[in-house]
>>> print(open('upload.txt').read())   # compact mmCIF, C-alpha atoms
# COMPACT_ATOMS: atom_id res chain seq x y z
CA MET A 1 -42.59 -4.38 8.61
CA GLY A 2 -45.52 -2.48 10.06
CA TRP A 3 -43.93 -1.93 13.48
CA ASP A 4 -41.13 -0.07 15.19
CA ILE A 5 -37.84 -1.96 15.75
CA THR A 6 -36.78 0.41 18.55
CA ARG A 7 -39.84 -0.46 20.64
CA TYR A 8 -39.39 -4.15 19.73
CA ALA A 9 -35.77 -4.08 20.92
CA GLU A 10 -36.85 -2.54 24.22
CA LYS A 11 -39.08 -5.56 24.86
CA LEU A 12 -36.11 -7.92 24.74
CA PRO A 13 -34.20 -8.88 27.89
CA LYS A 14 -30.52 -7.94 28.25
CA LYS A 15 -29.53 -11.57 27.85
CA PRO A 16 -31.17 -13.44 24.96
CA PHE A 17 -33.83 -16.04 25.74
CA LYS A 18 -32.38 -19.52 25.93
CA PRO A 19 -33.71 -21.07 22.71
CA GLY A 20 -35.94 -24.10 22.86
CA THR A 21 -37.13 -23.73 26.45
CA LYS A 22 -40.83 -23.52 27.30
CA SER A 23 -40.45 -20.05 28.77
CA SER A 24 -38.61 -18.72 25.71
CA LYS A 25 -41.31 -20.12 23.39
CA GLU A 26 -43.99 -18.37 25.41
CA LYS A 27 -42.06 -15.10 25.35
CA GLU A 28 -41.52 -15.33 21.58
CA ALA A 29 -45.23 -16.06 21.07
CA SER A 30 -46.14 -13.03 23.15
CA LEU A 31 -43.69 -10.85 21.17
CA ARG A 32 -45.25 -12.03 17.91
CA LEU A 33 -48.71 -11.06 19.11
CA GLN A 34 -47.56 -7.50 19.69
CA TYR A 35 -45.21 -7.36 16.71
CA PRO A 36 -46.75 -9.67 14.12
CA PRO A 37 -44.48 -11.29 11.54
CA LEU A 38 -45.40 -11.38 7.87
CA ASN A 39 -47.25 -14.42 6.68
CA GLY A 40 -44.38 -16.48 5.25
CA ALA A 41 -42.66 -14.08 2.84
CA THR A 42 -39.66 -15.33 0.90
CA ALA A 43 -36.91 -13.46 -0.96
CA SER A 44 -34.38 -14.53 -3.54
CA ALA A 45 -33.50 -11.15 -5.10
CA PRO A 46 -31.38 -8.47 -3.39
CA CYS A 47 -33.44 -6.36 -1.00
CA ILE A 48 -33.54 -4.62 2.33
CA ILE A 49 -36.09 -5.18 5.09
CA VAL A 50 -37.25 -2.02 6.85
CA ASP A 51 -39.41 -1.17 9.85
CA ILE A 52 -42.22 1.39 9.93
CA ASP A 53 -39.73 4.28 10.23
CA GLY A 54 -37.50 3.07 7.42
CA ILE A 55 -34.83 1.64 9.72
CA ILE A 56 -33.07 -1.15 7.93
CA LEU A 57 -33.40 -4.45 9.77
CA ALA A 58 -31.54 -6.58 7.24
CA TRP A 59 -29.61 -6.31 4.01
CA TYR A 60 -29.97 -9.29 1.73
CA LEU A 61 -27.25 -9.70 -0.91
CA PRO A 62 -27.71 -13.12 -2.53
CA GLY A 63 -24.75 -14.49 -4.47
CA ILE A 64 -22.67 -11.31 -4.03
CA LEU A 65 -19.45 -13.24 -3.37
CA SER A 66 -18.21 -14.61 -6.66
CA ASP A 67 -17.44 -18.26 -7.21
CA PHE A 68 -13.71 -17.88 -6.90
CA ARG A 69 -14.06 -16.83 -3.26
CA GLN A 70 -15.94 -19.99 -2.38
CA VAL A 71 -13.08 -21.46 -0.37
CA GLY A 72 -12.23 -23.81 -3.23
CA LEU A 73 -15.20 -25.96 -2.38
CA LEU A 74 -17.52 -25.04 -5.16
CA ARG A 75 -16.63 -27.19 -8.11
CA LEU A 76 -14.49 -29.80 -6.47
CA SER A 77 -17.14 -32.46 -6.85
CA ASP A 78 -17.30 -31.57 -10.53
CA ARG A 79 -13.99 -32.87 -11.89
CA SER A 80 -14.48 -31.30 -15.29
CA ASN A 81 -13.91 -27.93 -13.72
CA LYS A 82 -10.45 -27.62 -12.22
CA PRO A 83 -9.88 -25.04 -9.51
CA ASP A 84 -7.97 -21.94 -10.61
CA VAL A 85 -4.99 -20.46 -8.77
CA PHE A 86 -7.11 -18.42 -6.39
CA GLN A 87 -9.38 -21.35 -5.61
CA LYS A 88 -6.35 -23.51 -4.90
CA ALA A 89 -5.15 -20.90 -2.42
CA MET A 90 -8.57 -20.84 -0.77
CA LEU A 91 -8.64 -24.62 -0.63
CA LYS A 92 -5.24 -24.52 1.05
CA ALA A 93 -6.65 -21.98 3.49
CA ARG A 94 -9.51 -24.32 4.31
CA GLU A 95 -7.05 -27.12 5.05
CA LYS A 96 -5.12 -24.78 7.34
CA LEU A 97 -8.22 -24.11 9.33
CA ARG A 98 -9.20 -27.79 9.51
CA THR A 99 -7.09 -28.39 12.63
CA SER A 100 -8.81 -25.48 14.37
CA LEU A 101 -12.37 -26.50 13.47
CA LYS A 102 -13.74 -28.46 16.38
CA ILE A 103 -17.04 -29.73 17.60
CA PRO A 104 -17.21 -28.39 21.14
CA LYS A 105 -17.19 -31.16 23.74
CA THR A 106 -19.66 -29.86 26.23
CA GLY A 107 -21.42 -26.67 27.05
CA SER A 108 -24.75 -25.26 27.99
CA SER A 109 -25.22 -23.44 24.67
CA TRP A 110 -27.13 -24.99 21.79
CA ARG A 111 -24.08 -24.07 19.68
CA ASP A 112 -22.19 -26.93 21.34
CA ASP A 113 -24.93 -29.49 20.68
CA ILE A 114 -23.75 -32.28 18.41
CA LYS A 115 -27.20 -32.61 16.83
CA TYR A 116 -26.64 -29.42 14.82
CA TYR A 117 -23.45 -30.69 13.19
CA HIS A 118 -23.71 -32.62 9.93
CA PRO A 119 -20.71 -34.73 8.98
CA VAL A 120 -20.78 -35.22 5.20
CA GLY A 121 -17.98 -36.68 3.10
CA ALA A 122 -14.51 -35.28 3.67
CA ALA A 123 -15.66 -31.75 4.44
CA PRO A 124 -14.57 -30.38 7.79
CA VAL A 125 -17.21 -30.23 10.49
CA GLY A 126 -16.96 -27.91 13.42
CA SER A 127 -16.62 -24.29 14.35
CA VAL A 128 -13.92 -21.89 15.45
CA ASN A 129 -13.95 -18.35 16.77
CA LEU A 130 -11.08 -16.03 15.94
CA SER A 131 -10.84 -12.64 17.56
CA THR A 132 -8.29 -9.89 18.00
CA ALA A 133 -9.75 -8.82 21.31
CA TRP A 134 -12.60 -10.41 23.18
CA PHE A 135 -13.68 -11.93 26.42
CA GLN A 136 -13.04 -15.68 26.40
CA GLN A 137 -16.11 -17.87 26.34
CA GLY A 138 -17.46 -18.68 29.75
CA ARG A 139 -15.70 -15.78 31.40
CA GLY A 140 -17.61 -12.85 32.69
CA VAL A 141 -16.59 -9.29 32.13
CA SER A 142 -15.08 -7.89 35.31
CA PRO A 143 -17.31 -5.36 37.11
CA SER A 144 -14.83 -2.50 36.56
CA MET A 145 -14.71 -3.20 32.83
CA TYR A 146 -18.47 -3.42 32.61
CA LYS A 147 -18.71 -0.04 34.29
CA LEU A 148 -16.34 1.39 31.70
CA TYR A 149 -18.48 0.00 28.89
CA SER A 150 -21.57 1.47 30.44
CA SER A 151 -20.07 4.94 30.65
CA VAL A 152 -18.07 5.06 27.41
CA ALA A 153 -19.22 2.58 24.80
CA HIS A 154 -22.88 2.68 25.75
CA SER A 155 -23.50 6.35 25.41
CA GLU A 156 -27.24 5.97 25.76
CA SER A 157 -28.68 5.50 29.22
CA GLY A 158 -31.02 2.92 30.59
CA ASN A 159 -31.87 -0.26 28.78
CA VAL A 160 -28.93 -1.42 26.67
CA ALA A 161 -31.39 -2.62 24.04
CA ARG A 162 -32.32 0.95 23.17
CA ILE A 163 -31.43 1.87 19.63
CA PRO A 164 -29.50 5.15 19.58
CA GLY A 165 -29.19 7.70 16.80
CA GLY A 166 -26.89 7.04 13.91
CA PHE A 167 -28.97 4.11 12.90
CA CYS A 168 -29.01 3.40 9.20
CA GLU A 169 -32.19 4.90 7.79
CA LEU A 170 -33.63 4.48 4.37
CA GLN A 171 -33.16 7.77 2.53
CA MET B 1 -14.15 -16.30 36.47
CA SER B 2 -14.07 -12.79 35.16
CA GLN B 3 -11.65 -11.15 32.81
CA GLU B 4 -10.36 -7.60 33.24
CA TYR B 5 -9.50 -6.75 29.64
CA PRO B 6 -10.29 -8.21 26.24
CA GLU B 7 -7.60 -10.44 24.80
CA VAL B 8 -6.76 -12.32 21.62
CA SER B 9 -8.72 -15.57 21.16
CA ALA B 10 -7.05 -18.84 22.16
CA SER B 11 -7.64 -20.13 18.61
CA PHE B 12 -4.51 -18.26 17.50
CA SER B 13 -2.39 -20.71 19.46
CA GLU B 14 -2.64 -22.83 16.28
CA PRO B 15 0.00 -21.35 13.91
CA ALA B 16 -2.11 -22.45 10.91
CA ALA B 17 -4.77 -19.95 11.97
CA LEU B 18 -2.38 -17.11 11.07
CA ASP B 19 -1.74 -18.61 7.63
CA TRP B 20 -5.47 -18.84 7.14
CA LEU B 21 -5.83 -15.14 7.98
CA ASP B 22 -3.23 -14.31 5.33
CA THR B 23 -5.05 -16.21 2.61
CA ILE B 24 -8.51 -14.94 3.47
CA SER B 25 -7.42 -11.31 3.93
CA GLU B 26 -8.86 -10.02 0.65
CA SER B 27 -12.25 -11.60 1.37
CA ASN B 28 -12.12 -10.15 4.89
CA ALA B 29 -11.51 -6.70 3.40
CA ILE B 30 -14.49 -7.11 1.04
CA LEU B 31 -16.82 -7.93 3.91
CA SER B 32 -15.50 -4.87 5.77
CA ALA B 33 -16.22 -2.77 2.67
CA ILE B 34 -19.78 -4.12 2.63
CA LEU B 35 -20.15 -2.90 6.22
CA ALA B 36 -18.78 0.52 5.16
CA VAL B 37 -21.66 0.77 2.67
CA ILE B 38 -24.48 -0.59 4.80
CA HIS B 39 -23.54 1.14 8.07
CA PRO B 40 -20.78 3.75 7.63
CA LYS B 41 -20.86 4.90 11.26
CA LEU B 42 -20.36 1.38 12.57
CA TYR B 43 -17.53 0.93 10.09
CA ASP B 44 -15.86 4.14 11.33
CA ALA B 45 -16.25 3.09 14.96
CA ARG B 46 -14.78 -0.32 14.21
CA TRP B 47 -11.88 1.22 12.31
CA LYS B 48 -11.08 3.44 15.30
CA THR B 49 -11.19 0.35 17.52
CA THR B 50 -8.77 -1.44 15.22
CA GLN B 51 -6.38 1.52 15.40
CA CYS B 52 -6.71 1.56 19.17
CA LEU B 53 -5.79 -2.14 19.27
CA ARG B 54 -2.69 -1.45 17.22
CA GLU B 55 -1.58 0.97 19.91
CA THR B 56 -2.04 -1.60 22.67
CA PRO B 57 0.16 -4.57 21.73
CA GLU B 58 -0.45 -6.14 25.13
CA THR B 59 -4.03 -6.88 24.03
CA CYS B 60 -3.35 -8.46 20.67
CA PRO B 61 0.00 -9.65 19.28
CA ARG B 62 1.26 -7.73 16.27
CA ASP B 63 1.55 -10.84 14.08
CA VAL B 64 -2.21 -11.34 14.39
CA LEU B 65 -3.12 -7.67 13.88
CA ILE B 66 -1.05 -7.19 10.72
CA ARG B 67 -2.92 -10.08 9.12
CA TRP B 68 -6.34 -9.00 10.38
CA ALA B 69 -7.65 -7.25 7.26
CA SER B 70 -11.03 -6.63 8.79
CA VAL B 71 -12.73 -4.00 10.91
CA PHE B 72 -14.66 -6.73 12.69
CA SER B 73 -13.35 -7.85 16.03
CA ALA B 74 -14.27 -11.48 15.62
CA VAL B 75 -14.84 -14.09 12.95
CA ALA B 76 -16.71 -17.31 13.61
CA VAL B 77 -16.23 -19.99 10.99
CA ILE B 78 -18.90 -22.63 11.16
CA SER B 79 -18.62 -25.64 8.91
CA ASN B 80 -21.49 -28.01 8.28
CA ARG B 81 -23.63 -26.95 11.16
CA SER B 82 -27.26 -25.92 11.07
CA THR B 83 -28.31 -23.12 13.35
CA SER B 84 -31.23 -23.00 15.75
CA PRO B 85 -33.29 -19.77 15.97
CA HIS B 86 -31.31 -17.44 18.21
CA ARG B 87 -30.21 -13.89 18.94
CA ASP B 88 -26.58 -12.96 19.50
CA GLY B 89 -26.13 -11.58 22.98
CA SER B 90 -22.63 -10.14 22.54
CA SER B 91 -23.67 -7.65 19.90
CA ARG B 92 -25.58 -4.38 20.19
CA SER B 93 -29.08 -3.55 19.02
CA ASN B 94 -28.01 -1.25 16.19
CA TRP B 95 -25.06 -3.30 15.00
CA TYR B 96 -25.24 -5.54 11.98
CA ASP B 97 -23.83 -9.04 12.08
CA ILE B 98 -22.51 -9.90 8.66
CA LEU B 99 -23.22 -13.49 7.66
CA ALA B 100 -21.53 -14.96 4.61
CA THR B 101 -22.28 -18.45 3.37
CA LEU B 102 -19.87 -20.31 1.13
CA GLY B 103 -19.46 -23.76 -0.34
CA SER B 104 -21.13 -26.16 -2.69
CA TYR B 105 -24.58 -27.12 -1.56
CA ARG B 106 -28.12 -26.78 -2.71
CA GLY B 107 -31.00 -25.14 -1.01
CA GLY B 108 -30.50 -23.59 2.35
CA THR B 109 -32.48 -20.71 3.79
CA LEU B 110 -31.84 -18.06 6.38
CA GLU B 111 -35.00 -17.82 8.46
CA LEU B 112 -36.02 -14.66 10.30
CA PRO B 113 -38.93 -16.10 12.32
CA GLY B 114 -39.82 -12.85 14.11
CA LEU B 115 -40.30 -11.15 10.73
CA GLY B 116 -41.93 -14.15 9.06
CA ILE B 117 -39.36 -13.88 6.28
CA SER B 118 -37.29 -16.62 4.72
CA LEU B 119 -34.24 -15.68 2.61
CA GLU B 120 -32.79 -18.04 0.02
CA TYR B 121 -29.30 -18.71 1.32
CA GLY B 122 -27.31 -20.09 -1.59
CA PRO B 123 -23.49 -20.08 -1.77
CA GLY B 124 -21.94 -16.60 -1.95
CA THR B 125 -24.80 -14.87 -0.13
CA VAL B 126 -24.07 -12.09 2.35
CA VAL B 127 -26.67 -10.90 4.85
CA GLY B 128 -26.33 -7.99 7.25
CA VAL B 129 -28.77 -8.48 10.09
CA LEU B 130 -29.46 -6.91 13.49
CA GLY B 131 -28.37 -10.14 15.17
CA LYS B 132 -29.00 -9.04 18.73
CA VAL B 133 -32.58 -8.01 18.07
CA LEU B 134 -33.80 -10.36 15.36
CA GLU B 135 -34.01 -14.11 15.72
CA HIS B 136 -32.18 -15.87 12.90
CA ALA B 137 -31.74 -19.52 11.99
CA VAL B 138 -30.31 -21.76 9.30
CA PRO B 139 -32.29 -25.01 9.30
CA SER B 140 -30.86 -28.23 7.86
CA PHE B 141 -29.55 -27.91 4.33
CA GLU B 142 -29.32 -30.40 1.52
CA GLY B 143 -26.13 -31.11 -0.36
CA ASP B 144 -22.54 -32.14 -0.05
CA ARG B 145 -21.01 -29.43 1.96
CA VAL B 146 -21.61 -26.06 3.38
CA LEU B 147 -19.07 -23.70 4.81
CA LYS B 148 -20.66 -20.84 6.57
CA SER B 149 -18.63 -17.98 7.89
CA THR B 150 -20.17 -15.64 10.36
CA LYS B 151 -18.65 -12.36 11.27
CA TYR B 152 -19.81 -10.05 13.90
CA ALA B 153 -18.76 -6.97 15.72
CA MET B 154 -18.28 -7.72 19.38
CA HIS B 155 -17.78 -5.20 22.17
CA THR B 156 -15.83 -2.21 21.03
CA LEU B 157 -13.52 -0.25 23.27
>>> encode(input="upload.txt", output="structure tokens")
Amino acid sequence: MGWDITRYAEKLPKKPFKPGTKSSKEKEASLRLQYPPLNGATASAPCIIVDIDGIILAWYLPGILSDFRQVGLLRLSDRSNKPDVFQKAMLKAREKLRTSLKIPKTGSSWRDDIKYYHPVGAAPVGSVNLSTAWFQQGRGVSPSMYKLYSSVAHSESGNVARIPGGFCELQ
Amino acid sequence: MSQEYPEVSASFSEPAALDWLDTISESNAILSAILAVIHPKLYDARWKTTQCLRETPETCPRDVLIRWASVFSAVAVISNRSTSPHRDGSSRSNWYDILATLGSYRGGTLELPGLGISLEYGPGTVVGVLGKVLEHAVPSFEGDRVLKSTKYAMHTL
């Protein structure tokens, strides 16, 4: 990309724009005027995307996970190809998670909107978040905790969108 | 309502979720290793956080932690859902979200509208992306099934 991701990040608000609203569309359009996207590039081979300073914006690793990690789903429609031991274990794992996968009932986020879910065949539909330590959805972080984050975890000052050193640069 | 300290997600109230962690542990470790290559400093920071969690059993029960073969603090498994263009607010500007897509389906792209780039998003693809800064989306896909697993680093302590 011909622009600087650090400056781009500084233009973003602390909380992401709410997708789909008129105001967010206008803000995205304004961002794209200042930081123009490429004209419809596509990639199918492994690559990285870098900004003008060589900061890596994305790593693209197509097909890096081999078939046998595909949660036992991959060849099940093709009966000539029976799942191996590992695939059977992964299939079992998928069934274990089935009870946890849910379509959220309500919510203000687009993530809870039923229109994005696609029930097909017997495959599970839904989503689940698993975390060792997080702040439950819909709950704010207490002011004292936020202060701690600001002083410890966020070593840089000012706008939290600022990209500090230690960023992965193309050598 | 606000919360003083981070805690284990409610999803672990389902005992099957622990079994799932056991089975998926090797794949979790591989995705952590990918992070170690693409952003070693973030990997180190996450590893320290994991160690810190192990020393504070009141935050996360031991039976979850011993099965959590990942330096990431959260895993979101999303099955058969397309994804509207969005940024992930809980992350940080210089942190990669690791997206892995699995299943048996055809087509599928990961769109990065702000970059004007579209990545072919076939089964087994892993993408590390600055999810807080860059808009990303997975429009409707064609095929029988798609199981998409998203992993991201949330707040670290």
>>> closest_residue(input="upload.txt", among="A:Gly54, A:Gly20, A:Pro46, A:Gly126", to="chain B", atoms="only C-alpha atoms")
A:Gly126
>>> residues_near_point(input="upload.txt", point="(-9.1, -6.0, 9.2)", cutoff="8 Å", atoms="only C-alpha atoms", output="list in words")
Ser25, Asn28, Ala29, Ser32, Thr50, Leu65, Arg67, Trp68, Ala69, Ser70, Val71 and Phe72 of chain B
>>> atom_distance(input="upload.txt", atom1="CA of Leu38 (chain A)", atom2="CA of Pro62 (chain A)")
20.6 Å
>>> atom_distance(input="upload.txt", atom1="CA of Ala137 (chain B)", atom2="CA of Tyr60 (chain A)")
14.6 Å
>>> closest_residue(input="upload.txt", among="A:Ala45, A:Ile55, A:Leu65, A:Val85", to="chain B", atoms="all atoms listed in the file")
A:Leu65
>>> atom_distance(input="upload.txt", atom1="CA of Tyr96 (chain B)", atom2="CA of Gly131 (chain B)")
6.4 Å
>>> closest_residue(input="upload.txt", among="B:Ala16, B:Ala100, B:Leu112, B:Ala45", to="chain A", atoms="only C-alpha atoms")
B:Ala16
>>> residues_around(input="upload.txt", residues="Leu12 (chain A)", least_positions_apart="3", cutoff="9 Å", atoms="all atoms listed in the file", output="PDB file with C-alpha atoms, in the coordinates of the input")
ATOM      1  CA  TYR A   8     -39.390  -4.150  19.730  1.00  0.00           C
ATOM      2  CA  ALA A   9     -35.770  -4.080  20.920  1.00  0.00           C
ATOM      3  CA  LYS A  15     -29.530 -11.570  27.850  1.00  0.00           C
ATOM      4  CA  PRO A  16     -31.170 -13.440  24.960  1.00  0.00           C
ATOM      5  CA  PHE A  17     -33.830 -16.040  25.740  1.00  0.00           C
ATOM      6  CA  LEU A  31     -43.690 -10.850  21.170  1.00  0.00           C
ATOM      7  CA  ALA A 161     -31.390  -2.620  24.040  1.00  0.00           C
TER       8      ALA A 161
ATOM      9  CA  VAL B 133     -32.580  -8.010  18.070  1.00  0.00           C
TER      10      VAL B 133
END
>>> axis_aligned_box(input="upload.txt", around="region 9-19 of chain B", padding_each_side="4 Å", output="lines of an AutoDock Vina configuration file")
center_x = -4.4
center_y = -19.2
center_z = 14.9
size_x = 16.7
size_y = 15.3
size_z = 22.5
>>> closest_residue(input="upload.txt", among="A:Pro37, A:Asp51, A:Glu10, A:Lys92", to="chain B", atoms="all atoms listed in the file")
A:Pro37
>>> residues_near_point(input="upload.txt", point="(-36.2, -15.4, 23.8)", cutoff="8 Å", atoms="only C-alpha atoms", output="ChimeraX atom specification")
/A:12-13,16-19,24-25,27-28 /B:86-87
>>> residues_around(input="upload.txt", residues="Ser131 (chain A)", least_positions_apart="3", cutoff="6 Å", atoms="all atoms listed in the file", output="list in words")
Val8, Ser9, Ser73 and Ala74 of chain B
>>> decode(input="upload.txt", residues="region 65-128 of chain B", atoms="C-alpha atoms", output="JSON list (two decimals), in the first residue's frame")
[["chain", "number", "residue", "atom", "x", "y", "z"],
["B", 65, "LEU", "CA", -5.97, -23.65, 31.66],
["B", 66, "ILE", "CA", -4.30, -27.06, 31.43],
["B", 67, "ARG", "CA", -6.26, -27.74, 28.25],
["B", 68, "TRP", "CA", -5.71, -24.29, 26.77],
["B", 69, "ALA", "CA", -2.82, -25.06, 24.40],
["B", 70, "SER", "CA", -2.81, -21.57, 22.98],
["B", 71, "VAL", "CA", -1.21, -18.23, 23.74],
["B", 72, "PHE", "CA", -4.39, -16.50, 22.61],
["B", 73, "SER", "CA", -6.78, -15.40, 25.29],
["B", 74, "ALA", "CA", -9.92, -16.10, 23.32],
["B", 75, "VAL", "CA", -11.22, -18.31, 20.55],
["B", 76, "ALA", "CA", -14.39, -17.54, 18.64],
["B", 77, "VAL", "CA", -15.80, -20.42, 16.66],
["B", 78, "ILE", "CA", -18.23, -19.28, 14.02],
["B", 79, "SER", "CA", -20.09, -21.88, 12.01],
["B", 80, "ASN", "CA", -21.94, -21.08, 8.83],
["B", 81, "ARG", "CA", -22.08, -17.37, 9.27],
["B", 82, "SER", "CA", -21.02, -14.71, 6.81],
["B", 83, "THR", "CA", -19.36, -11.64, 8.20],
["B", 84, "SER", "CA", -20.16, -8.01, 7.51],
["B", 85, "PRO", "CA", -17.24, -5.56, 7.02],
["B", 86, "HIS", "CA", -16.05, -4.66, 10.51],
["B", 87, "ARG", "CA", -13.12, -3.88, 12.77],
["B", 88, "ASP", "CA", -12.57, -5.65, 16.07],
["B", 89, "GLY", "CA", -12.72, -3.17, 18.91],
["B", 90, "SER", "CA", -11.30, -5.39, 21.66],
["B", 91, "SER", "CA", -7.94, -5.79, 19.99],
["B", 92, "ARG", "CA", -5.02, -3.38, 19.67],
["B", 93, "SER", "CA", -3.71, -1.61, 16.59],
["B", 94, "ASN", "CA", -0.50, -3.61, 16.34],
["B", 95, "TRP", "CA", -1.96, -6.99, 17.22],
["B", 96, "TYR", "CA", -2.79, -9.59, 14.63],
["B", 97, "ASP", "CA", -6.05, -11.46, 14.75],
["B", 98, "ILE", "CA", -5.50, -14.94, 13.42],
["B", 99, "LEU", "CA", -8.36, -16.19, 11.28],
["B", 100, "ALA", "CA", -8.52, -19.84, 10.28],
["B", 101, "THR", "CA", -11.19, -21.19, 7.98],
["B", 102, "LEU", "CA", -12.05, -24.87, 7.90],
["B", 103, "GLY", "CA", -14.62, -27.14, 6.34],
["B", 104, "SER", "CA", -15.84, -28.34, 3.00],
["B", 105, "TYR", "CA", -17.10, -25.54, 0.84],
["B", 106, "ARG", "CA", -16.24, -23.87, -2.40],
["B", 107, "GLY", "CA", -15.37, -20.30, -3.06],
["B", 108, "GLY", "CA", -15.32, -17.88, -0.21],
["B", 109, "THR", "CA", -13.22, -14.75, -0.01],
["B", 110, "LEU", "CA", -11.85, -12.63, 2.80],
["B", 111, "GLU", "CA", -12.39, -9.02, 1.76],
["B", 112, "LEU", "CA", -10.22, -6.17, 3.01],
["B", 113, "PRO", "CA", -12.30, -3.26, 1.66],
["B", 114, "GLY", "CA", -10.02, -0.50, 2.99],
["B", 115, "LEU", "CA", -7.09, -2.02, 1.07],
["B", 116, "GLY", "CA", -9.14, -2.94, -2.00],
["B", 117, "ILE", "CA", -7.82, -6.48, -1.69],
["B", 118, "SER", "CA", -9.75, -9.72, -1.87],
["B", 119, "LEU", "CA", -8.10, -12.94, -0.61],
["B", 120, "GLU", "CA", -9.25, -16.36, -1.75],
["B", 121, "TYR", "CA", -10.46, -17.99, 1.44],
["B", 122, "GLY", "CA", -10.59, -21.71, 0.78],
["B", 123, "PRO", "CA", -10.59, -24.39, 3.52],
["B", 124, "GLY", "CA", -7.37, -24.54, 5.55],
["B", 125, "THR", "CA", -6.46, -20.89, 5.00],
["B", 126, "VAL", "CA", -4.93, -18.87, 7.83],
["B", 127, "VAL", "CA", -4.79, -15.07, 7.75],
["B", 128, "GLY", "CA", -3.10, -12.82, 10.27]]
